[in-house]
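> Data: work_9.cif, mmCIF, C-alpha atoms.
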data_data
loop_
_atom_site.group_PDB
_atom_site.id
_atom_site.type_symbol
_atom_site.label_atom_id
_atom_site.label_comp_id
_atom_site.auth_asym_id
_atom_site.auth_seq_id
_atom_site.Cartn_x
_atom_site.Cartn_y
_atom_site.Cartn_z
ATOM 1 C CA MET A 485 4.742 0.127 20.842
ATOM 2 C CA THR A 486 3.852 -3.218 19.255
ATOM 3 C CA GLU A 487 5.128 -3.872 15.734
ATOM 4 C CA GLN A 488 2.238 -3.733 13.270
ATOM 5 C CA THR A 489 1.479 -4.205 9.585
ATOM 6 C CA GLN A 490 -1.355 -2.164 8.083
ATOM 7 C CA ALA A 491 -2.742 -3.543 4.827
ATOM 8 C CA LYS A 492 -5.338 -1.501 2.950
ATOM 9 C CA ILE A 493 -7.361 -3.186 0.217
ATOM 10 C CA LYS A 494 -9.336 -0.899 -2.078
ATOM 11 C CA LEU A 495 -12.365 -3.064 -2.837
ATOM 12 C CA LEU A 496 -14.027 -0.717 -5.327
ATOM 13 C CA PHE A 497 -14.205 2.895 -6.479
ATOM 14 C CA GLU A 498 -18.002 3.303 -6.534
ATOM 15 C CA CYS A 499 -19.853 4.982 -3.682
ATOM 16 C CA ASN A 500 -23.424 5.754 -2.603
ATOM 17 C CA GLU A 501 -22.396 9.362 -1.903
ATOM 18 C CA ASP A 502 -20.861 11.934 -4.241
ATOM 19 C CA CYS A 503 -18.619 13.919 -1.895
ATOM 20 C CA VAL A 504 -17.137 17.076 -3.358
ATOM 21 C CA PHE A 505 -13.773 16.408 -1.659
ATOM 22 C CA CYS A 506 -13.463 12.712 -2.567
ATOM 23 C CA THR A 507 -9.947 11.722 -3.628
ATOM 24 C CA GLU A 508 -11.346 8.893 -5.762
ATOM 25 C CA LYS A 509 -13.137 11.273 -8.135
ATOM 26 C CA VAL A 510 -10.750 10.578 -10.965
ATOM 27 C CA ASP A 511 -11.217 9.571 -14.561
ATOM 28 C CA GLU A 512 -8.431 7.058 -15.008
ATOM 29 C CA LYS A 513 -9.318 4.481 -17.631
ATOM 30 C CA ASP A 514 -6.833 1.905 -16.349
ATOM 31 C CA LYS A 515 -8.482 1.697 -12.932
ATOM 32 C CA ILE A 516 -10.809 -1.243 -12.550
ATOM 33 C CA LYS A 517 -13.733 -0.007 -10.501
ATOM 34 C CA TYR A 518 -14.387 -3.291 -8.733
ATOM 35 C CA MET A 519 -11.878 -5.817 -7.354
ATOM 36 C CA ASP A 520 -13.409 -9.265 -7.872
ATOM 37 C CA LEU A 521 -13.881 -11.564 -4.898
ATOM 38 C CA ASN A 522 -11.145 -14.004 -5.895
ATOM 39 C CA GLU A 523 -8.621 -11.171 -6.096
ATOM 40 C CA VAL A 524 -9.759 -9.847 -2.712
ATOM 41 C CA LYS A 525 -9.218 -13.274 -1.177
ATOM 42 C CA LYS A 526 -5.818 -13.511 -2.875
ATOM 43 C CA GLN A 527 -4.844 -10.193 -1.331
ATOM 44 C CA ILE A 528 -6.002 -11.320 2.115
ATOM 45 C CA ASP A 529 -4.014 -14.547 1.699
ATOM 46 C CA GLY A 530 -0.928 -12.503 0.886
ATOM 47 C CA TYR A 531 -1.150 -10.509 4.090
ATOM 48 C CA CYS A 532 -2.553 -12.989 6.603
ATOM 49 C CA ASN A 533 0.836 -14.213 7.852
ATOM 50 C CA GLU A 534 2.073 -10.698 8.598
ATOM 51 C CA LYS A 535 2.863 -9.975 12.228
ATOM 52 C CA ASN A 536 0.041 -8.199 14.100
ATOM 53 C CA LEU A 537 -1.933 -7.468 10.935
ATOM 54 C CA PHE A 538 -4.417 -4.579 10.814
ATOM 55 C CA LEU A 539 -6.499 -5.189 7.681
ATOM 56 C CA VAL A 540 -8.371 -2.165 6.298
ATOM 57 C CA LEU A 541 -11.193 -2.588 3.775
ATOM 58 C CA THR A 542 -11.628 0.636 1.878
ATOM 59 C CA GLY A 543 -12.976 2.098 -1.347
ATOM 60 C CA GLY A 544 -15.128 3.793 -2.618
ATOM 61 C CA GLU A 545 -17.746 2.601 -0.164
ATOM 62 C CA PRO A 546 -17.111 -1.010 0.954
ATOM 63 C CA THR A 547 -20.614 -1.527 2.370
ATOM 64 C CA ILE A 548 -22.288 -1.373 -1.052
ATOM 65 C CA ARG A 549 -20.592 -4.620 -2.081
ATOM 66 C CA LYS A 550 -23.058 -7.505 -1.899
ATOM 67 C CA ASP A 551 -20.254 -9.837 -0.790
ATOM 68 C CA ILE A 552 -18.924 -7.636 2.016
ATOM 69 C CA VAL A 553 -20.010 -10.089 4.732
ATOM 70 C CA GLU A 554 -18.265 -12.933 2.896
ATOM 71 C CA ILE A 555 -15.078 -10.863 2.608
ATOM 72 C CA ILE A 556 -15.044 -10.146 6.342
ATOM 73 C CA GLU A 557 -15.807 -13.769 7.177
ATOM 74 C CA TYR A 558 -12.964 -14.929 4.928
ATOM 75 C CA ALA A 559 -10.500 -12.601 6.636
ATOM 76 C CA ARG A 560 -11.630 -13.854 10.033
ATOM 77 C CA GLU A 561 -11.240 -17.472 8.886
ATOM 78 C CA LYS A 562 -7.611 -16.581 8.161
ATOM 79 C CA ASP A 563 -7.231 -15.690 11.856
ATOM 80 C CA ILE A 564 -7.052 -11.954 11.224
ATOM 81 C CA ASP A 565 -8.303 -10.382 14.453
ATOM 82 C CA ASN A 566 -8.126 -6.726 13.426
ATOM 83 C CA ILE A 567 -10.500 -6.196 10.507
ATOM 84 C CA ALA A 568 -11.233 -2.530 9.868
ATOM 85 C CA MET A 569 -13.338 -0.559 7.417
ATOM 86 C CA GLN A 570 -13.383 3.012 6.125
ATOM 87 C CA THR A 571 -16.982 4.029 5.437
ATOM 88 C CA ASN A 572 -19.437 6.921 5.189
ATOM 89 C CA GLY A 573 -21.628 5.066 7.700
ATOM 90 C CA VAL A 574 -24.872 5.341 5.704
ATOM 91 C CA LYS A 575 -25.626 1.610 5.465
ATOM 92 C CA PHE A 576 -24.854 1.118 9.144
ATOM 93 C CA ALA A 577 -28.129 2.947 9.851
ATOM 94 C CA ASP A 578 -29.585 -0.535 9.327
ATOM 95 C CA LYS A 579 -29.016 -2.223 12.695
ATOM 96 C CA ASP A 580 -29.385 -5.727 11.258
ATOM 97 C CA PHE A 581 -26.731 -4.943 8.650
ATOM 98 C CA THR A 582 -24.451 -3.602 11.388
ATOM 99 C CA ASN A 583 -24.917 -6.740 13.474
ATOM 100 C CA LYS A 584 -24.161 -9.001 10.482
ATOM 101 C CA LEU A 585 -20.840 -7.316 9.796
ATOM 102 C CA VAL A 586 -19.844 -7.292 13.454
ATOM 103 C CA LYS A 587 -20.786 -10.955 13.812
ATOM 104 C CA ALA A 588 -18.747 -11.743 10.683
ATOM 105 C CA GLY A 589 -15.659 -10.280 12.355
ATOM 106 C CA LEU A 590 -15.564 -6.530 11.735
ATOM 107 C CA SER A 591 -13.691 -5.037 14.698
ATOM 108 C CA PHE A 592 -12.887 -1.399 13.841
ATOM 109 C CA VAL A 593 -14.729 1.212 11.777
ATOM 110 C CA SER A 594 -13.748 4.703 10.624
ATOM 111 C CA VAL A 595 -16.811 6.803 9.772
ATOM 112 C CA THR A 596 -16.598 10.046 7.795
ATOM 113 C CA LEU A 597 -18.722 12.932 9.117
ATOM 114 C CA THR A 598 -18.400 16.367 7.522
ATOM 115 C CA GLY A 599 -20.759 18.628 9.438
ATOM 116 C CA HIS A 600 -22.673 19.032 12.689
ATOM 117 C CA ASN A 601 -25.981 19.298 10.833
ATOM 118 C CA ALA A 602 -27.650 18.046 7.672
ATOM 119 C CA GLU A 603 -27.212 21.312 5.802
ATOM 120 C CA ILE A 604 -23.419 21.315 6.017
ATOM 121 C CA HIS A 605 -22.925 17.551 5.767
ATOM 122 C CA GLU A 606 -25.224 16.964 2.797
ATOM 123 C CA ALA A 607 -23.949 19.987 0.884
ATOM 124 C CA GLN A 608 -20.739 17.945 0.627
ATOM 125 C CA THR A 609 -22.024 14.369 0.314
ATOM 126 C CA LYS A 610 -24.766 15.273 -2.204
ATOM 127 C CA LEU A 611 -26.954 12.547 -0.692
ATOM 128 C CA LYS A 612 -30.285 13.438 0.901
ATOM 129 C CA ASP A 613 -30.734 12.193 4.481
ATOM 130 C CA SER A 614 -27.075 11.100 4.648
ATOM 131 C CA PHE A 615 -26.482 13.096 7.833
ATOM 132 C CA GLU A 616 -29.297 11.373 9.724
ATOM 133 C CA LYS A 617 -28.275 7.952 8.417
ATOM 134 C CA THR A 618 -24.623 8.492 9.315
ATOM 135 C CA ILE A 619 -25.543 9.606 12.842
ATOM 136 C CA ILE A 620 -27.783 6.545 13.296
ATOM 137 C CA GLY A 621 -25.053 4.381 11.816
ATOM 138 C CA LEU A 622 -22.540 5.787 14.287
ATOM 139 C CA SER A 623 -24.918 5.041 17.146
ATOM 140 C CA ASN A 624 -25.410 1.464 15.954
ATOM 141 C CA LEU A 625 -21.663 0.931 15.656
ATOM 142 C CA VAL A 626 -20.928 2.415 19.077
ATOM 143 C CA ASP A 627 -23.712 0.290 20.593
ATOM 144 C CA SER A 628 -22.152 -2.819 19.039
ATOM 145 C CA GLU A 629 -19.081 -2.131 21.215
ATOM 146 C CA ILE A 630 -16.519 -2.497 18.444
ATOM 147 C CA ARG A 631 -13.811 0.161 18.063
ATOM 148 C CA VAL A 632 -15.058 3.291 16.288
ATOM 149 C CA MET A 633 -13.367 6.464 15.099
ATOM 150 C CA VAL A 634 -14.732 9.488 13.253
ATOM 151 C CA TYR A 635 -12.907 11.024 10.304
ATOM 152 C CA ILE A 636 -13.565 14.733 9.648
ATOM 153 C CA VAL A 637 -12.417 16.348 6.421
ATOM 154 C CA VAL A 638 -11.843 20.055 7.044
ATOM 155 C CA THR A 639 -13.341 22.021 4.154
ATOM 156 C CA ARG A 640 -14.568 25.487 3.263
ATOM 157 C CA TYR A 641 -18.064 24.195 4.033
ATOM 158 C CA ASN A 642 -17.368 23.302 7.652
ATOM 159 C CA TYR A 643 -14.163 24.831 9.043
ATOM 160 C CA LYS A 644 -15.885 27.713 10.853
ATOM 161 C CA ASP A 645 -18.227 25.239 12.577
ATOM 162 C CA LEU A 646 -15.678 22.568 13.526
ATOM 163 C CA SER A 647 -16.104 23.316 17.230
ATOM 164 C CA LYS A 648 -19.820 22.512 16.974
ATOM 165 C CA LEU A 649 -19.024 19.204 15.288
ATOM 166 C CA ALA A 650 -16.386 18.392 17.909
ATOM 167 C CA ARG A 651 -18.857 19.093 20.743
ATOM 168 C CA LEU A 652 -21.520 16.945 19.073
ATOM 169 C CA LEU A 653 -19.141 14.006 18.892
ATOM 170 C CA VAL A 654 -17.604 14.181 22.363
ATOM 171 C CA GLU A 655 -21.016 14.639 24.000
ATOM 172 C CA LYS A 656 -23.012 12.113 21.958
ATOM 173 C CA TYR A 657 -20.266 9.490 21.548
ATOM 174 C CA PRO A 658 -17.882 9.741 24.522
ATOM 175 C CA THR A 659 -16.658 6.162 23.961
ATOM 176 C CA LEU A 660 -15.243 6.855 20.497
ATOM 177 C CA GLU A 661 -11.693 5.570 20.237
ATOM 178 C CA GLN A 662 -10.438 8.407 18.089
ATOM 179 C CA ILE A 663 -11.377 11.511 16.111
ATOM 180 C CA GLN A 664 -9.217 12.510 13.182
ATOM 181 C CA LEU A 665 -9.314 15.953 11.635
ATOM 182 C CA THR A 666 -7.754 16.087 8.195
ATOM 183 C CA MET A 667 -7.113 18.841 5.719
ATOM 184 C CA PRO A 668 -8.110 17.619 2.239
ATOM 185 C CA CYS A 669 -5.740 15.509 0.172
ATOM 186 C CA ILE A 670 -5.340 17.529 -3.023
ATOM 187 C CA SER A 671 -6.440 14.992 -5.606
ATOM 188 C CA GLY A 672 -9.682 13.867 -7.192
ATOM 189 C CA GLY A 673 -12.630 16.057 -6.278
ATOM 190 C CA ALA A 674 -10.606 18.184 -3.875
ATOM 191 C CA LEU A 675 -8.308 19.139 -6.757
ATOM 192 C CA THR A 676 -11.053 19.628 -9.341
ATOM 193 C CA ASN A 677 -13.108 21.721 -6.887
ATOM 194 C CA ILE A 678 -10.173 23.163 -4.974
ATOM 195 C CA TYR A 679 -11.434 26.743 -4.579
ATOM 196 C CA GLU A 680 -14.848 25.456 -3.481
ATOM 197 C CA VAL A 681 -13.561 22.770 -1.141
ATOM 198 C CA VAL A 682 -10.111 23.514 0.228
ATOM 199 C CA PRO A 683 -9.610 26.180 2.922
ATOM 200 C CA GLN A 684 -6.241 27.885 3.108
ATOM 201 C CA PHE A 685 -4.266 27.073 6.239
ATOM 202 C CA THR A 686 -4.026 30.696 7.390
ATOM 203 C CA ARG A 687 -7.819 31.036 7.299
ATOM 204 C CA SER A 688 -8.745 27.727 8.895
ATOM 205 C CA TYR A 689 -6.054 26.593 11.329
ATOM 206 C CA LYS A 690 -7.316 28.592 14.339
ATOM 207 C CA TYR A 691 -10.739 26.967 13.973
ATOM 208 C CA VAL A 692 -9.027 23.575 13.736
ATOM 209 C CA LEU A 693 -7.092 24.226 16.938
ATOM 210 C CA LYS A 694 -10.282 25.221 18.795
ATOM 211 C CA ALA A 695 -11.921 21.947 17.751
ATOM 212 C CA MET A 696 -8.794 20.070 18.805
ATOM 213 C CA ASP A 697 -8.952 21.669 22.251
ATOM 214 C CA ILE A 698 -12.503 20.368 22.717
ATOM 215 C CA ILE A 699 -11.469 16.833 21.754
ATOM 216 C CA ILE A 700 -8.295 16.921 23.866
ATOM 217 C CA LYS A 701 -10.380 17.688 26.977
ATOM 218 C CA SER A 702 -12.398 14.503 26.369
ATOM 219 C CA ASN A 703 -11.064 10.961 26.742
ATOM 220 C CA ILE A 704 -11.090 10.488 22.964
ATOM 221 C CA ASP A 705 -7.779 10.113 21.148
ATOM 222 C CA LEU A 706 -7.036 12.825 18.580
ATOM 223 C CA THR A 707 -5.020 13.043 15.380
ATOM 224 C CA ILE A 708 -4.663 15.834 12.832
ATOM 225 C CA ASP A 709 -3.618 15.112 9.256
ATOM 226 C CA ASN A 710 -2.192 17.225 6.400
ATOM 227 C CA LEU A 711 -1.696 20.379 8.477
ATOM 228 C CA PRO A 712 1.969 21.521 8.376
ATOM 229 C CA LEU A 713 3.736 21.577 11.722
ATOM 230 C CA CYS A 714 4.240 25.360 11.652
ATOM 231 C CA PHE A 715 0.472 25.640 12.199
ATOM 232 C CA LEU A 716 0.575 23.077 15.027
ATOM 233 C CA GLU A 717 3.017 24.631 17.467
ATOM 234 C CA GLY A 718 2.158 23.169 20.859
ATOM 235 C CA TYR A 719 0.005 20.462 19.217
ATOM 236 C CA GLU A 720 2.737 18.639 17.279
ATOM 237 C CA LYS A 721 2.246 15.306 19.039
ATOM 238 C CA TYR A 722 -1.234 15.004 17.543
ATOM 239 C CA SER A 723 0.066 15.035 13.960
ATOM 240 C CA SER A 724 -0.735 11.726 12.271
ATOM 241 C CA GLU A 725 2.208 12.249 9.910
ATOM 242 C CA ILE A 726 4.566 12.496 12.887
ATOM 243 C CA LYS A 727 3.045 9.432 14.544
ATOM 244 C CA THR A 728 3.351 7.399 11.345
ATOM 245 C CA TYR A 729 6.861 8.621 10.537
ATOM 246 C CA LEU A 730 8.238 7.854 14.001
ATOM 247 C CA ARG A 731 6.719 4.371 14.040
ATOM 248 C CA GLU A 732 8.037 3.583 10.565
ATOM 249 C CA ARG A 733 11.502 4.870 11.460
ATOM 250 C CA LYS A 734 11.562 2.625 14.538
ATOM 251 C CA GLY A 735 10.466 -0.372 12.470
ATOM 252 C CA GLU A 736 7.157 -0.582 14.348
ATOM 253 C CA LEU A 737 4.900 -0.028 11.336
ATOM 254 C CA ARG A 738 4.670 -1.250 7.761
ATOM 255 C CA THR A 739 1.864 0.039 5.555
ATOM 256 C CA TYR A 740 0.685 -1.536 2.313
ATOM 257 C CA GLU A 741 -2.046 -0.334 -0.020
ATOM 258 C CA ALA A 742 -3.446 -2.417 -2.854
ATOM 259 C CA GLU A 743 -5.750 -1.491 -5.697
ATOM 260 C CA ARG A 744 -6.482 -3.224 -8.976
ATOM 261 C CA LEU A 745 -5.249 -1.660 -12.191
ATOM 262 C CA SER A 746 -5.996 -3.010 -15.653
ATOM 263 C CA ASN A 747 -2.961 -5.260 -15.878
ATOM 264 C CA ARG A 748 -1.357 -5.458 -12.450
ATOM 265 C CA MET A 749 -1.770 -4.997 -8.735
ATOM 266 C CA HIS A 750 -0.529 -1.621 -7.557
ATOM 267 C CA LYS A 751 0.975 -1.696 -4.071
ATOM 268 C CA ILE A 752 2.503 0.995 -1.899
ATOM 269 C CA ALA A 753 4.850 0.220 0.985
ATOM 270 C CA ASN A 754 6.074 2.846 3.485
ATOM 271 C CA TYR A 755 3.358 5.443 3.759
ATOM 272 C CA THR A 756 5.694 8.304 4.694
ATOM 273 C CA ASN A 757 7.879 8.014 1.590
ATOM 274 C CA SER A 758 4.830 7.650 -0.650
ATOM 275 C CA ARG A 759 3.095 10.672 0.867
ATOM 276 C CA ARG A 760 6.165 12.894 0.791
ATOM 277 C CA SER A 761 6.702 12.223 -2.910
ATOM 278 C CA HIS A 762 3.487 14.221 -3.516
ATOM 279 C CA LYS A 763 4.325 17.153 -1.241
ATOM 280 C CA VAL A 764 6.542 20.231 -1.382
ATOM 281 C CA LYS A 765 7.916 22.906 0.964
ATOM 282 C CA ALA A 766 8.919 26.548 0.816
ATOM 283 C CA ASP A 767 12.601 27.455 0.658
ATOM 284 C CA SER A 768 12.194 29.064 4.077
ATOM 285 C CA CYS A 769 11.267 25.669 5.554
ATOM 286 C CA LYS A 770 14.966 24.744 5.550
ATOM 287 C CA SER A 771 15.445 27.018 8.571
ATOM 288 C CA CYS A 772 12.531 25.485 10.498
ATOM 289 C CA ILE A 773 13.262 23.306 13.514
ATOM 290 C CA TYR A 774 10.711 20.833 12.171
ATOM 291 C CA ASP A 775 12.013 20.646 8.596
ATOM 292 C CA TYR A 776 13.273 17.067 9.057
ATOM 293 C CA TYR A 777 9.896 15.877 10.350
ATOM 294 C CA CYS A 778 7.350 17.943 8.402
ATOM 295 C CA ASP A 779 5.915 16.821 5.055
ATOM 296 C CA GLY A 780 5.048 20.293 3.758
ATOM 297 C CA VAL A 781 1.956 20.745 1.576
ATOM 298 C CA TRP A 782 0.396 18.842 -1.305
ATOM 299 C CA LYS A 783 1.791 19.883 -4.684
ATOM 300 C CA GLY A 784 -1.733 20.729 -5.837
ATOM 301 C CA TYR A 785 -2.145 23.094 -2.883
ATOM 302 C CA ALA A 786 1.142 24.832 -3.669
ATOM 303 C CA ASP A 787 0.188 25.176 -7.336
ATOM 304 C CA LYS A 788 -3.270 26.651 -6.674
ATOM 305 C CA PHE A 789 -2.496 28.671 -3.548
ATOM 306 C CA THR A 790 1.003 29.268 -2.162
ATOM 307 C CA VAL A 791 3.747 27.887 0.048
ATOM 308 C CA ASN A 792 4.399 31.354 1.460
ATOM 309 C CA GLU A 793 1.948 30.596 4.289
ATOM 310 C CA LEU A 794 4.573 28.286 5.783
ATOM 311 C CA ILE A 795 6.386 30.263 8.488
ATOM 312 C CA PRO A 796 9.456 28.464 9.900
ATOM 313 C CA ILE A 797 9.608 27.783 13.630
ATOM 314 C CA ILE A 798 13.017 29.087 14.723
ATOM 315 C CA ASN A 799 12.436 29.819 18.422
ATOM 316 C CA LYS A 800 13.193 26.268 19.553
ATOM 317 C CA ARG A 801 16.288 24.094 19.795
ATOM 318 C CA LYS A 802 16.519 20.560 18.389
ATOM 319 C CA GLU A 803 16.950 19.187 21.905
ATOM 320 C CA ASP A 804 13.592 20.765 22.849
ATOM 321 C CA ILE A 805 11.667 18.712 20.271
ATOM 322 C CA ASN A 806 9.335 16.280 22.021
ATOM 323 C CA PHE A 807 6.519 14.479 20.240
ATOM 324 C CA GLU A 808 5.325 12.524 23.276
#
Could you show the structure in this file as structure tokens?

Amino acid sequence: MTEQTQAKIKLLFECNEDCVFCTEKVDEKDKIKYMDLNEVKKQIDGYCNEKNLFLVLTGGEPTIRKDIVEIIEYAREKDIDNIAMQTNGVKFADKDFTNKLVKAGLSFVSVTLTGHNAEIHEAQTKLKDSFEKTIIGLSNLVDSEIRVMVYIVVTRYNYKDLSKLARLLVEKYPTLEQIQLTMPCISGGALTNIYEVVPQFTRSYKYVLKAMDIIIKSNIDLTIDNLPLCFLEGYEKYSSEIKTYLRERKGELRTYEAERLSNRMHKIANYTNSRRSHKVKADSCKSCIYDYYCDGVWKGYADKFTVNELIPIINKRKEDINFE
């Protein structure tokens, strides 16, 4: 696989939705809510000479910045070919807006969709008509022929209906590059509203696997995030943590994240080490064949629920492990 550097720039913390699971729902006084344009350009300058750069503009919601076209154009002027964005897709319902960003150089978009209908989706986004706008936005992005993936946060609101959402996506958007299912990161809104938002693994994983089966049968790539490997027996190769870990270990991937604090730039390098510092395992995990590879669960999950759900896989040998 080609060596790659992923650089994520958090442009702002504000959003036009108010998602109950949002990891950015934090009250930290030292976080500056908006990275000014000069700092954004400085960050782009710092990354632009990296080998095979994949630049990710994230937030908050990047599309609500008035200078978002200028930011994309600047990155493209620096000969960055892979310019990506993480978005809720609402503003892409405007086809002219979509065309402007694509023309400026946007080449990959990850759109968050949290339900197969307005009732489920908008119960989580707290924005009226956001389901319709996100669906239209997805259509506009797919029609523009840039690379598009859909990001699904698995919550108590939607886990029983994940198969319906998976069918909607594979039938309506068969040219999607990827669909990612992710259990909530236990921070921000997902931590504050944990009993409302976060489904326990033992209750939800079978529904997740059914949705995965639907996606696997399509031509759309699939990843699953934040679900421990003991719940993914037979599906291990789809784990995004495994994919990231193996690429980092081989020296094929470097990941940087940047956000503006009150007196410094905060950067994270090596996603696996950063992620694992916030996760824990059960004592029984030491006997699991996947202990070396598995991250475990978020500390917040362990504190509010339990790690006793984690059942070690002991019916395999190390030489039988294959993540291909």
> If I take atom CA of Glu725 of chain A and atom CA of Arg759 of chain A, how far is one from the other in Å, to one decimal?
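Atom CA of Glu725 of chain A sits 9.2 Å away from atom CA of Arg759 of chain A.
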> Looking at only C-alpha atoms, which of A:Arg801, A:Lys617, A:His600, A:Lys690 is the one that sits closest to Val574 of chain A?
A:Lys617
> Please report the interatomic distance between atom CA of Cys778 of chain A and atom CA of Leu713 of chain A in Å with one decimal.
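Between atom CA of Cys778 of chain A and atom CA of Leu713 of chain A the gap is 6.1 Å.
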> Name the residues captured by the PyMOL selection byres ((chain A and resi 491) around 6) when it is applied to the shown file; answer as a VMD selection string.
chain A and resid 490 492 539 to 540 739 to 741
> With a distance cut-off of 6 Å and all atoms listed in the file, select the neighbouring residues of Arg640 of chain A, excluding the residue or stretch itself and same-chain residues fewer than 2 positions from it, and output the selection as a ChimeraX atom specification.
/A:642-643,681-683
> With distances taken over all atoms listed in the file, which residue among A:Val638, A:Leu660, A:Ile630, A:Leu521 lies nearest Lys587 of chain A?
A:Ile630
> Kindly resolve the PyMOL selection byres ((chain A and resi 563) around 12) on the present coordinates and return the residues as a list in words.
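Matching residues under the PyMOL selection byres ((chain A and resi 563) around 12) are Ile528, Asp529, Tyr531, Cys532, Asn533, Glu534, Lys535, Asn536, Leu537, Phe538, Leu539, Ile556, Glu557, Tyr558, Ala559, Arg560, Glu561, Lys562, Ile564, Asp565, Asn566, Ile567 and Gly589 of chain A.
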> Store the residues of this selection in a file with C-alpha atoms, as an mmCIF file, in the frame of the given file.

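Everything below was put into out_20.cif:
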data_model
loop_
_atom_site.group_PDB
_atom_site.id
_atom_site.type_symbol
_atom_site.label_atom_id
_atom_site.label_comp_id
_atom_site.auth_asym_id
_atom_site.auth_seq_id
_atom_site.Cartn_x
_atom_site.Cartn_y
_atom_site.Cartn_z
ATOM 1 C CA ILE A 528 -6.002 -11.320 2.115
ATOM 2 C CA ASP A 529 -4.014 -14.547 1.699
ATOM 3 C CA TYR A 531 -1.150 -10.509 4.090
ATOM 4 C CA CYS A 532 -2.553 -12.989 6.603
ATOM 5 C CA ASN A 533 0.836 -14.213 7.852
ATOM 6 C CA GLU A 534 2.073 -10.698 8.598
ATOM 7 C CA LYS A 535 2.863 -9.975 12.228
ATOM 8 C CA ASN A 536 0.041 -8.199 14.100
ATOM 9 C CA LEU A 537 -1.933 -7.468 10.935
ATOM 10 C CA PHE A 538 -4.417 -4.579 10.814
ATOM 11 C CA LEU A 539 -6.499 -5.189 7.681
ATOM 12 C CA ILE A 556 -15.044 -10.146 6.342
ATOM 13 C CA GLU A 557 -15.807 -13.769 7.177
ATOM 14 C CA TYR A 558 -12.964 -14.929 4.928
ATOM 15 C CA ALA A 559 -10.500 -12.601 6.636
ATOM 16 C CA ARG A 560 -11.630 -13.854 10.033
ATOM 17 C CA GLU A 561 -11.240 -17.472 8.886
ATOM 18 C CA LYS A 562 -7.611 -16.581 8.161
ATOM 19 C CA ILE A 564 -7.052 -11.954 11.224
ATOM 20 C CA ASP A 565 -8.303 -10.382 14.453
ATOM 21 C CA ASN A 566 -8.126 -6.726 13.426
ATOM 22 C CA ILE A 567 -10.500 -6.196 10.507
ATOM 23 C CA GLY A 589 -15.659 -10.280 12.355
#
> What does the PyMOL selection byres ((chain A and resi 584) around 12) select in this file, as a ChimeraX atom specification?
/A:547,551-554,556-557,575-576,578-583,585-591,624-625,628
> List the neighbours of Gln664 of chain A out to 8 Å using all atoms listed in the file; skip same-chain residues closer than 4 positions along the sequence, and give me the result as a PyMOL selection string.
chain A and resi 633-636+706-709
> Atom CA of Asn601 of chain A and atom CA of Tyr785 of chain A are how many Å apart?
27.8 Å
> Which of these, A:Gln488, A:Asn522, A:Thr571, A:Ser768, has the shortest distance to Gly543 of chain A once you count all atoms listed in the file?
A:Thr571
> Centre and edge lengths of an axis-aligned box around all listed atoms of segment 789-795 of chain A, with 3 Å added on each side, are to be given in Å to one decimal, as AutoDock Vina command-line options.

--center_x 1.9 --center_y 29.6 --center_z 2.5 --size_x 14.9 --size_y 9.5 --size_z 18.0
> Which is closer to Val504 of chain A than all the others in A:Ser647, A:Gln527, A:Thr676, A:Asn806, using all atoms listed in the file?
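Nearest candidate to Val504 of chain A out of A:Ser647, A:Gln527, A:Thr676, A:Asn806: A:Thr676.
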> Which residues come within 10 Å of Val692 of chain A, counting all atoms listed in the file, excluding same-chain residues fewer than 2 positions away, as a PyMOL selection string?
chain A and resi 638+643-647+650+665-667+685+687-690+694-697+708+711+715-716
> Out of A:Val654, A:Met519, A:Ile726, A:Cys506, which residue has the shortest atom-to-atom distance to Glu808 of chain A when counting all atoms listed in the file?
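Looking only at the distances to Glu808 of chain A, the closest residue turns out to be A:Ile726.
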> Which residues are near Glu545 of chain A? Cut-off 9 Å, all atoms listed in the file, ignore same chain within fewer than 2 positions. Put them as a list of chain:residue names.
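With the cut-off at 9 Å, the set is A:Leu495, A:Leu496, A:Phe497, A:Glu498, A:Cys499, A:Asn500, A:Glu501, A:Thr542, A:Gly543, A:Thr547, A:Ile548, A:Arg549, A:Gln570, A:Thr571, A:Asn572.
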> So, counting all atoms listed in the file, which residue among A:Thr596, A:Thr609, A:Gln662, A:Thr489 is closest to Thr728 of chain A?
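For Thr728 of chain A, the nearest of the candidates is A:Thr489.
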